[in-house]
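S.K.: Below is upload09.cif; it holds mmCIF, C-alpha atoms.
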```cif
data_entry
loop_
_atom_site.label_atom_id
_atom_site.label_comp_id
_atom_site.auth_asym_id
_atom_site.auth_seq_id
_atom_site.Cartn_x
_atom_site.Cartn_y
_atom_site.Cartn_z
CA ASP O 22 21.55 -6.02 -8.21
CA THR O 23 18.07 -6.29 -6.75
CA ALA O 24 18.10 -5.58 -3.01
CA VAL O 25 14.88 -7.40 -2.06
CA SER O 26 13.65 -9.96 -4.58
CA GLN O 27 10.51 -12.02 -4.56
CA THR O 28 9.49 -15.01 -6.66
CA PRO O 29 7.20 -15.48 -8.39
CA LYS O 30 6.01 -12.04 -9.50
CA TYR O 31 2.62 -13.42 -10.54
CA LEU O 32 0.83 -16.46 -9.20
CA VAL O 33 -2.54 -17.73 -10.41
CA THR O 34 -3.90 -20.79 -8.67
CA GLN O 35 -7.11 -22.58 -7.84
CA MET O 36 -8.94 -22.53 -4.53
CA GLY O 37 -7.74 -25.18 -2.14
CA ASN O 38 -4.20 -25.32 -3.47
CA ASP O 39 -1.06 -24.77 -1.39
CA LYS O 40 1.51 -22.26 -2.65
CA SER O 41 4.71 -20.59 -1.54
CA ILE O 42 6.26 -17.21 -2.20
CA LYS O 43 9.98 -16.77 -1.75
CA CYS O 44 11.88 -13.67 -0.67
CA GLU O 45 15.56 -12.94 -0.52
CA GLN O 46 17.47 -9.81 0.45
CA ASN O 47 21.12 -9.03 -0.20
CA LEU O 48 21.28 -5.94 2.00
CA GLY O 49 22.70 -7.74 5.02
CA HIS O 50 19.60 -6.88 7.05
CA ASP O 51 18.54 -8.90 10.07
CA THR O 52 14.83 -8.09 9.96
CA MET O 53 12.37 -9.15 7.28
CA TYR O 54 8.64 -8.61 6.85
CA TRP O 55 5.62 -9.74 4.90
CA TYR O 56 2.97 -7.15 4.05
CA LYS O 57 -0.32 -7.68 2.25
CA GLN O 58 -1.85 -5.09 -0.09
CA ASP O 59 -5.55 -5.64 -0.60
CA SER O 60 -7.74 -4.72 -3.55
CA LYS O 61 -8.16 -1.21 -2.14
CA LYS O 62 -4.36 -0.78 -2.13
CA PHE O 63 -4.16 -0.82 1.67
CA LEU O 64 -0.88 -2.25 2.98
CA LYS O 65 -0.86 -4.08 6.28
CA ILE O 66 1.82 -6.07 8.04
CA MET O 67 1.42 -9.82 8.39
CA PHE O 68 4.68 -11.09 9.87
CA SER O 69 8.13 -9.95 10.87
CA TYR O 70 11.27 -11.97 11.59
CA ASN O 71 14.43 -10.74 13.27
CA ASN O 72 17.44 -12.96 12.73
CA LYS O 73 15.19 -15.95 11.98
CA GLU O 74 12.98 -15.36 15.02
CA LEU O 75 9.30 -14.46 14.62
CA ILE O 76 8.65 -11.12 16.32
CA ILE O 77 5.40 -9.91 14.76
CA ASN O 78 2.47 -12.16 13.99
CA GLU O 79 -0.63 -10.18 13.15
CA THR O 80 -4.13 -11.60 13.14
CA VAL O 81 -3.54 -13.76 10.11
CA PRO O 82 -5.24 -17.12 9.44
CA ASN O 83 -2.98 -19.99 10.44
CA ARG O 84 -3.14 -21.15 6.82
CA PHE O 85 -0.34 -18.64 6.37
CA SER O 86 3.01 -19.83 7.67
CA PRO O 87 6.22 -17.87 7.28
CA LYS O 88 9.57 -19.63 7.33
CA SER O 89 12.99 -18.10 7.63
CA PRO O 90 15.78 -20.58 6.84
CA ASP O 91 18.38 -17.86 7.38
CA LYS O 92 18.33 -14.13 7.93
CA ALA O 93 18.55 -13.38 4.20
CA HIS O 94 15.43 -15.37 3.32
CA LEU O 95 11.80 -15.22 4.41
CA ASN O 96 9.32 -17.43 2.62
CA LEU O 97 5.54 -17.41 2.89
CA HIS O 98 3.59 -20.63 2.57
CA ILE O 99 -0.17 -20.55 2.19
CA ASN O 100 -2.32 -23.64 2.63
CA SER O 101 -5.84 -24.23 1.32
CA LEU O 102 -5.97 -21.00 -0.66
CA GLU O 103 -9.24 -19.05 -0.63
CA LEU O 104 -10.62 -16.41 -3.00
CA GLY O 105 -10.09 -13.76 -0.31
CA ASP O 106 -6.36 -14.45 -0.30
CA SER O 107 -6.07 -12.72 -3.68
CA ALA O 108 -3.84 -9.70 -3.11
CA VAL O 109 -0.35 -8.40 -3.66
CA TYR O 110 2.14 -9.68 -1.09
CA PHE O 111 5.24 -7.61 -0.41
CA CYS O 112 8.41 -8.68 1.29
CA ALA O 113 10.55 -6.05 3.00
CA SER O 114 13.70 -5.86 5.06
CA SER O 115 15.43 -3.46 7.41
CA ARG O 116 18.27 -3.31 9.87
CA PRO O 117 17.30 -4.28 13.41
CA PHE O 118 15.18 -1.62 15.03
CA ARG O 119 17.25 1.50 15.73
CA GLY O 120 14.52 4.01 16.41
CA GLY O 121 14.30 6.74 13.85
CA LEU O 122 17.06 5.36 11.67
CA THR O 123 15.22 2.17 10.76
CA GLU O 124 14.36 2.25 7.06
CA ALA O 125 12.41 -0.43 5.22
CA PHE O 126 13.18 -1.62 1.69
CA PHE O 127 10.52 -3.47 -0.28
CA GLY O 128 10.49 -6.08 -2.99
CA GLN O 129 8.51 -5.76 -6.22
CA GLY O 130 5.55 -7.70 -4.87
CA THR O 131 3.85 -10.99 -5.77
CA ARG O 132 0.37 -10.68 -7.24
CA LEU O 133 -1.59 -13.72 -6.09
CA THR O 134 -4.86 -14.49 -7.84
CA VAL O 135 -7.00 -17.33 -6.53
CA VAL O 136 -9.66 -18.58 -8.96
CA LYS L 13 -4.22 2.09 17.28
CA GLN L 14 -2.29 4.13 14.73
CA GLU L 15 -4.28 5.30 11.72
CA VAL L 16 -2.72 7.06 8.74
CA THR L 17 -4.74 9.17 6.33
CA GLN L 18 -3.62 10.63 3.04
CA ILE L 19 -5.29 13.48 1.22
CA PRO L 20 -6.11 13.78 -1.60
CA ALA L 21 -6.74 10.22 -2.74
CA ALA L 22 -6.09 11.22 -6.33
CA LEU L 23 -4.55 14.23 -8.05
CA SER L 24 -4.24 15.09 -11.73
CA VAL L 25 -2.13 18.09 -12.74
CA PRO L 26 -0.36 19.50 -15.80
CA GLU L 27 3.37 19.21 -16.06
CA GLY L 28 5.37 21.89 -14.27
CA GLU L 29 3.09 22.42 -11.29
CA ASN L 30 4.33 22.35 -7.71
CA LEU L 31 2.40 19.80 -5.64
CA VAL L 32 1.67 19.11 -2.00
CA LEU L 33 0.59 15.69 -0.79
CA ASN L 34 -0.71 15.41 2.75
CA CYS L 35 -0.39 12.69 5.36
CA SER L 36 -1.82 12.67 8.89
CA PHE L 37 -1.49 10.15 11.70
CA THR L 38 -3.40 9.71 14.93
CA ASP L 39 -0.64 8.69 17.35
CA SER L 40 2.25 11.14 17.54
CA ALA L 41 4.51 8.61 19.28
CA ILE L 42 6.36 7.67 16.11
CA TYR L 43 10.00 6.93 15.47
CA ASN L 44 10.07 8.00 11.85
CA LEU L 45 7.98 8.52 8.74
CA GLN L 46 8.73 7.19 5.27
CA TRP L 47 7.38 8.34 1.94
CA PHE L 48 7.24 5.69 -0.76
CA ARG L 49 6.43 5.68 -4.43
CA GLN L 50 4.56 2.77 -6.02
CA ASP L 51 4.39 2.38 -9.78
CA PRO L 52 1.68 0.14 -11.29
CA GLY L 53 2.63 -3.51 -11.00
CA LYS L 54 5.83 -2.67 -9.21
CA GLY L 55 7.17 -2.55 -5.70
CA LEU L 56 7.58 0.29 -3.27
CA THR L 57 10.49 2.65 -3.69
CA SER L 58 11.60 4.56 -0.61
CA LEU L 59 11.76 8.27 -1.38
CA LEU L 60 12.46 9.96 1.93
CA LEU L 61 12.75 9.03 5.58
CA ILE L 62 12.25 11.64 8.29
CA GLN L 63 13.24 10.80 11.82
CA SER L 64 10.88 11.97 14.56
CA SER L 65 13.48 14.51 15.71
CA GLN L 66 13.70 16.10 12.24
CA ARG L 67 11.48 18.72 10.66
CA GLU L 68 12.20 18.02 7.01
CA GLN L 69 14.20 16.06 4.46
CA THR L 70 15.03 16.90 0.87
CA SER L 71 15.97 14.79 -2.12
CA GLY L 72 16.17 16.50 -5.49
CA ARG L 73 12.75 17.96 -6.32
CA LEU L 74 11.17 16.29 -3.28
CA ASN L 75 10.85 17.85 0.13
CA ALA L 76 9.10 16.18 3.03
CA SER L 77 8.19 17.93 6.26
CA LEU L 78 7.10 16.49 9.58
CA ASP L 79 5.15 18.06 12.42
CA LYS L 80 5.06 15.23 14.91
CA SER L 81 3.07 17.04 17.58
CA SER L 82 0.20 17.74 15.22
CA GLY L 83 0.47 14.37 13.48
CA ARG L 84 1.12 15.72 10.00
CA SER L 85 3.56 15.34 7.15
CA THR L 86 3.62 16.84 3.68
CA LEU L 87 5.45 15.79 0.56
CA TYR L 88 6.25 18.70 -1.72
CA ILE L 89 7.07 17.93 -5.36
CA ALA L 90 8.57 20.80 -7.30
CA ALA L 91 8.18 21.26 -11.04
CA SER L 92 6.24 18.03 -11.56
CA GLN L 93 6.98 15.82 -14.57
CA PRO L 94 5.00 13.03 -16.27
CA GLY L 95 7.54 10.58 -14.84
CA ASP L 96 6.32 11.53 -11.36
CA SER L 97 3.01 9.80 -12.09
CA ALA L 98 2.62 7.06 -9.48
CA THR L 99 0.95 6.34 -6.15
CA TYR L 100 2.64 7.99 -3.20
CA LEU L 101 2.38 6.22 0.14
CA CYS L 102 3.06 7.58 3.59
CA ALA L 103 4.03 5.20 6.41
CA VAL L 104 4.85 5.80 10.06
CA ARG L 105 6.97 3.58 12.28
CA GLY L 106 5.36 3.59 15.69
CA SER L 107 6.56 0.57 17.63
CA THR L 108 9.78 -0.94 18.84
CA LEU L 109 9.30 -3.88 16.48
CA GLY L 110 9.74 -1.85 13.31
CA ARG L 111 6.15 -2.15 12.15
CA LEU L 112 5.03 0.39 9.54
CA TYR L 113 1.49 1.75 9.40
CA PHE L 114 0.51 2.85 5.89
CA GLY L 115 -1.93 5.33 4.48
CA ARG L 116 -3.98 4.41 1.42
CA GLY L 117 -1.90 6.60 -0.85
CA THR L 118 -2.34 9.50 -3.24
CA GLN L 119 -2.56 8.52 -6.91
CA LEU L 120 -0.77 11.23 -8.86
CA THR L 121 -1.10 11.79 -12.60
CA VAL L 122 1.04 14.43 -14.27
CA TRP L 123 0.07 15.05 -17.88
CA PRO L 124 2.24 16.73 -20.53
#
```
Can you dump the structure from the file as structure tokens?

M.R.:
Amino acid sequence: DTAVSQTPKYLVTQMGNDKSIKCEQNLGHDTMYWYKQDSKKFLKIMFSYNNKELIINETVPNRFSPKSPDKAHLNLHINSLELGDSAVYFCASSRPFRGGLTEAFFGQGTRLTVV
Amino acid sequence: KQEVTQIPAALSVPEGENLVLNCSFTDSAIYNLQWFRQDPGKGLTSLLLIQSSQREQTSGRLNASLDKSSGRSTLYIAASQPGDSATYLCAVRGSTLGRLYFGRGTQLTVWP
């Protein structure tokens, strides 16, 4: 069973479109994250939710809107897609912060290509 | 702001060699450090987690050490195999909100 799963794995779309990426975890974790990996392979956090509450919101364009219907799901909706949004988006989850014991588990990533 | 650096950026070695991958971070106030493996087109697999109070962790042929005061960690891979070929990422957890700060990775190629 996949612990953190994302859909779709690949997404090719035109500029200006609106798209969503879905994420689900079956680990029973309360905290979920979205990370973006750019073309230079650098991973940076975008958002984090704890038990459906937004707790981290990095400097991300407001075209990006996360939504957490329940603590096992965290979806990412992107409006008016731009070429610069092309990247790999990773979902992750962990137990609520417990200092040094907090360990993150990642999904397989969604490769978004905007043409 | 926390910055994580990994050296070398790429490494190509013959099978059987023992390897050391390096990771350094600028802010020593971390809670833990995780080493991940990323295969092309795939997600991140957690390899080892070292809590800030620990000096090292071992899993099979992998051994990770942490020197928090100097802001350094190393990942030691014994008797490397072609299946070890991947990008290895180091990440530190430095805030109460569970945020991870990543290095840019070391791309490892082990040839037969």

S.K.: Spell out the residues picked by the PyMOL selection byres ((chain O and resi 115) around 7) here, as a list in words.

M.R.: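 This file, filtered by the PyMOL selection byres ((chain O and resi 115) around 7), leaves His50, Asp51, Thr52, Met53, Ser114, Arg116, Pro117, Thr123, Glu124, Ala125 and Phe126 of chain O.
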
S.K.: Once the PyMOL selection byres ((chain O and resi 34-45) around 6) has been applied to the shown file, what residues remain in the selection, as a ChimeraX atom specification?

M.R.: /O:25-28,33,46,93-103,135-136

S.K.: Tell me which of L:Leu120, L:Val32, L:Ile62, L:Ala103 sits closest to Lys65 (chain O), counting all atoms listed in the file.

M.R.: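 Looking only at the distances to Lys65 (chain O), the closest residue turns out to be L:Ala103.
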
S.K.: With 6 Å as the limit and counting all atoms listed in the file, what residues in chain O lie close to chain L? Please list them as a PDB file with C-alpha atoms, keeping the file's coordinate frame.

M.R.:
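Result went into result03.pdb, see below:
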```pdb
ATOM      1  CA  PHE O  63      -4.160  -0.820   1.670  1.00  0.00           C
ATOM      2  CA  PHE O 118      15.180  -1.620  15.030  1.00  0.00           C
ATOM      3  CA  GLY O 120      14.520   4.010  16.410  1.00  0.00           C
ATOM      4  CA  GLY O 121      14.300   6.740  13.850  1.00  0.00           C
ATOM      5  CA  PHE O 127      10.520  -3.470  -0.280  1.00  0.00           C
ATOM      6  CA  GLY O 128      10.490  -6.080  -2.990  1.00  0.00           C
ATOM      7  CA  GLN O 129       8.510  -5.760  -6.220  1.00  0.00           C
ATOM      8  CA  GLY O 130       5.550  -7.700  -4.870  1.00  0.00           C
TER       9      GLY O 130
END
```

S.K.: To one decimal place, how far is CA of Val25 (chain L) from CA of Ala91 (chain L) in Å?

M.R.: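 Between CA of Val25 (chain L) and CA of Ala91 (chain L) the gap is 10.9 Å.
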